[in-house]
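Colleague: Have a look at this one.
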Amino acid sequence: MIKKCLFPAAGYGTRFLPATKATPKEMLPILTKPLIQYGVEEAVEAGIHTMAIITGRGKRAIEDHFDISYELEHQIKGESKENLLTEIRSLISSCTFSYTRQIEMKGLGHAILTGETLIGDEPFAVLLADDLCTHEEDSVLKQMIDVYEKYQCSIIAIEEVAMEDTNKYGVIAGELVDNTTNTYRVTDMVEKPDSKDAPTNMAIIGRYILTPDIFDILRETKPGKGGEIQITDALLEQAKQGNVIAYKFKGTRFDCGSVEGFVEATNYFYQGVH
Ligand code: G1P
């Protein structure tokens with residue numbers, strides 16, 4: 001059983017400045033809902049109710065979002081506007097949220113290691129809220145949990161990207177283990193390679209199921225690409241033991257970490273409600 005989901009949310013979101021000067025990028029809304037709420041909803045759809053959020057300075061709005069705002073509730077009580085809070089209220093009542101701060105920005109691997117105190121010694125999910133995923137049947141995280149139940153090792157979500165975009169992602173090489181479920185046993189992984197060095201065009205997207213031995217590996221992982229501690233490098237150690245499966249998920253991902261992807265997601269969701 002995967003019971004906890006870790007949300008690394010300490011990054012500065014510099015691509016969205018000045019919007020992210022005083023607002024966490026995870027709180028930027030697609031229509032009326034902040035990115036991180038979509039992430040939490042995806043986790044809940046996968047049966048996860050314990051959220052572990054890695055924050056940093058200037059990120060308090062995230063904690064306030066997943067809490068009751070008594071003043072506001074009092075103000076709109078009995079009005080039709082109250083309905084706008086139904087979804088978030090039920091989310092808050094069905095989940096617990098724990099937070100810890102990443103003091104220094106030393107990369108995604110470091111952020112995940114910071115979360116050890118909230119996760120403990122059990123397999124867990126990681127969700128990067130700026131990769132917003134839509135799906136038809138099961139949520140992407142739910143699909144991955146099904147894969148985890150079969151293989152009982154770390155699972156990463158992948159999708160094919162244009163070769164010239166490999167430098168934006170962790171990229172994998174692997175052997176197809178199951179054609180019908182689109183799963184690969186990972187043999188190599190590289191963080192943000194130039195297209196000429198990329199082993200394939202299969203890119204990692206921001207969904208992971210990790211086994212807890214990843215924490216010990218991360219403690220030993222030296223800074224890699226960009227001088228940061230990379231989860232991709234730590235996962236390569238597990239992959240060398242045959243313990244990482246890549247899964248080509250069913251659904252659509254929007255890269256809401258870029259302005260272009262953010263606008264695409266906004267248009268997509270707007271069409272969905274009108
Ligand atoms: C991170 C990971 C990268 C992965 C990406 C998915 O990069 O380091 O391997 O492909 O998330 O969004 P970031 O986008 O945080 O730079």
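Order determines the names: the first chain of the structure tokens is A, the second B, and so forth; residues in each chain are numbered 1 upward, and ligands are numbered 1 upward as they are shown.
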Using only C-alpha atoms and all ligand atoms, which residues have at least one atom no more than 7 Å from ligand 1? Output them as a VMD selection string.
Modeller: chain A and resid 108 128 131 168 to 171 191 to 192 203 to 206 230 to 232
Colleague: Leaving out A:Asn167 and any residue of its chain fewer than 3 positions from it, which residues lie within 7 Å of it when counting only C-alpha atoms, given as number ranges by chain?
Modeller: A: 192-195
Colleague: Once you have the residues from the selection above, write them out as a compact mmCIF listing (two decimals), in the first residue's frame, restricted to C-alpha atoms.
Modeller:
# COMPACT_ATOMS: atom_id res chain seq x y z
CA LYS A 192 18.68 16.71 -18.90
CA PRO A 193 21.03 15.44 -21.61
CA ASP A 194 21.65 17.32 -24.85
CA SER A 195 19.82 15.53 -27.64
Colleague: Please identify which residues in stretch 47-261 of chain A DSSP calls alpha helix (DSSP H) from the backbone, and express them as a PyMOL selection string.
Modeller: chain A and resi 60-65+70-76+86-94+108-114+116-119+140-151+214-220+231-240+259-261
Colleague: Counting only C-alpha atoms, which residue out of A:Val186, A:Ile172, A:Ile48, A:Ile30 sits closest to A:Ala129?
Modeller: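 Closest candidate: A:Ile30.
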Colleague: Could you give me, as an MDAnalysis selection string, the residues within 8 Å of A:Ala246, counting only C-alpha atoms and dropping anything in the same chain fewer than 6 positions from it?
Modeller: chainID A and resid 155:158 174 183:186
Colleague: Which polymer residues have any atom within 12 Å of an atom of A:Thr20, counting only C-alpha atoms, with same-chain residues fewer than 6 positions away left out, as number ranges by chain?
Modeller: A: 10-14, 26-29, 58-59, 61, 257
Colleague: With N, CA, C and O atoms kept, could you save the residues just selected as a CSV table (one decimal), in the first residue's frame?
Modeller:
chain,number,residue,atom,x,y,z
A,10,ALA,N,9.4,23.6,-2.8
A,10,ALA,CA,10.2,24.7,-2.3
A,10,ALA,C,10.8,25.6,-3.3
A,10,ALA,O,11.3,26.7,-3.0
A,11,GLY,N,10.7,25.2,-4.6
A,11,GLY,CA,11.4,26.0,-5.7
A,11,GLY,C,10.9,27.4,-5.8
A,11,GLY,O,9.8,27.7,-5.4
A,12,TYR,N,11.7,28.2,-6.4
A,12,TYR,CA,11.4,29.7,-6.5
A,12,TYR,C,10.4,30.0,-7.6
A,12,TYR,O,9.8,31.0,-7.6
A,13,GLY,N,10.3,29.2,-8.6
A,13,GLY,CA,9.4,29.5,-9.7
A,13,GLY,C,9.8,30.7,-10.5
A,13,GLY,O,8.9,31.5,-10.9
A,14,THR,N,11.1,30.8,-10.8
A,14,THR,CA,11.6,32.1,-11.4
A,14,THR,C,11.0,32.3,-12.8
A,14,THR,O,10.9,33.4,-13.2
A,26,GLU,N,3.3,27.0,-6.8
A,26,GLU,CA,2.3,25.9,-6.7
A,26,GLU,C,0.9,26.5,-6.4
A,26,GLU,O,-0.1,25.7,-6.5
A,27,MET,N,0.8,27.7,-6.1
A,27,MET,CA,-0.5,28.4,-5.8
A,27,MET,C,-1.1,29.1,-7.0
A,27,MET,O,-2.2,29.6,-7.0
A,28,LEU,N,-0.3,29.1,-8.1
A,28,LEU,CA,-0.8,29.7,-9.4
A,28,LEU,C,-2.0,28.9,-9.8
A,28,LEU,O,-2.0,27.7,-9.8
A,29,PRO,N,-3.1,29.6,-10.2
A,29,PRO,CA,-4.3,28.8,-10.5
A,29,PRO,C,-4.5,28.4,-12.0
A,29,PRO,O,-4.1,29.3,-12.8
A,58,GLY,N,8.6,31.8,2.1
A,58,GLY,CA,7.6,32.4,1.2
A,58,GLY,C,6.5,31.5,0.7
A,58,GLY,O,5.8,31.8,-0.2
A,59,LYS,N,6.4,30.3,1.4
A,59,LYS,CA,5.4,29.3,0.9
A,59,LYS,C,4.2,29.1,1.8
A,59,LYS,O,3.5,28.1,1.7
A,61,ALA,N,1.4,30.3,2.0
A,61,ALA,CA,0.1,30.3,1.4
A,61,ALA,C,-0.4,28.9,1.1
A,61,ALA,O,-1.6,28.6,1.2
A,257,GLY,N,5.1,24.3,-15.5
A,257,GLY,CA,6.3,25.0,-15.0
A,257,GLY,C,6.8,26.0,-16.1
A,257,GLY,O,7.7,26.8,-15.9
Colleague: From the options A:Val126, A:Ala239, A:Val273, A:Leu85, which residue's atoms come nearest to A:Val140, counting only C-alpha atoms?
Modeller: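 Of A:Val126, A:Ala239, A:Val273, A:Leu85, the one nearest A:Val140, counting only C-alpha atoms, is A:Val126.
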Colleague: Expressed in Å to a single decimal, how great is the separation between atom CA of A:Ser94 and atom CA of A:His110?
Modeller: 28.9 Å
Colleague: Which is closer to A:Leu176 than all the others in A:Tyr247, A:Glu82, A:Gly56, A:His65, using only C-alpha atoms?
Modeller: A:Tyr247
Colleague: Any idea what the distance is between atom CA of A:Thr266 and atom CA of A:Thr32?
Modeller: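 Calculated distance between atom CA of A:Thr266 and atom CA of A:Thr32 is 9.9 Å.
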Colleague: Assign secondary structure with DSSP using the backbone only, and return the residues of stretch 100-271 of chain A in strand (DSSP E) as an MDAnalysis selection string.
Modeller: chainID A and resid 100:101 124:127 131:134 154:160 170:178 183:191 202:210 244:248 252:255
Colleague: Using only C-alpha atoms, can you tell me which of A:Met51, A:Val177, A:Ala125, A:Leu235 comes closest to A:Val190?
Modeller: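 Residue with the minimum atom-to-atom distance to A:Val190: A:Leu235.
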Colleague: Out of A:Ile245, A:Cys153, A:Ala162, A:Ile217, which residue has the shortest atom-to-atom distance to A:Met189 when counting only C-alpha atoms?
Modeller: A:Ile245
Colleague: Could you work out how far atom CA of A:Thr23 lies from atom CA of A:Thr100, giving the answer in Å with one decimal?
Modeller: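 Rounded to one decimal, the two atoms are 18.0 Å apart.
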Colleague: Residues near A:Lys222, anyone? I mean within 12 Å using only C-alpha atoms, not counting same-chain ones fewer than 2 positions away, as a PyMOL selection string.
Modeller: chain A and resi 106-107+109-110+217-220+224-234
Colleague: Between A:Met163, A:Val263, A:Ala22, A:Leu210, which has the minimum distance to A:Lys196 (counting only C-alpha atoms)?
Modeller: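 Going through A:Met163, A:Val263, A:Ala22, A:Leu210 one by one, the smallest distance to A:Lys196 is for A:Met163.
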Colleague: Name the residues in contact with A:Thr96 at a cut-off of 12 Å, using only C-alpha atoms, excluding same-chain residues fewer than 3 positions from it; report them as a ChimeraX atom specification.
Modeller: /A:3-5,40,44,48-53,63,66-67,90-93,99,118
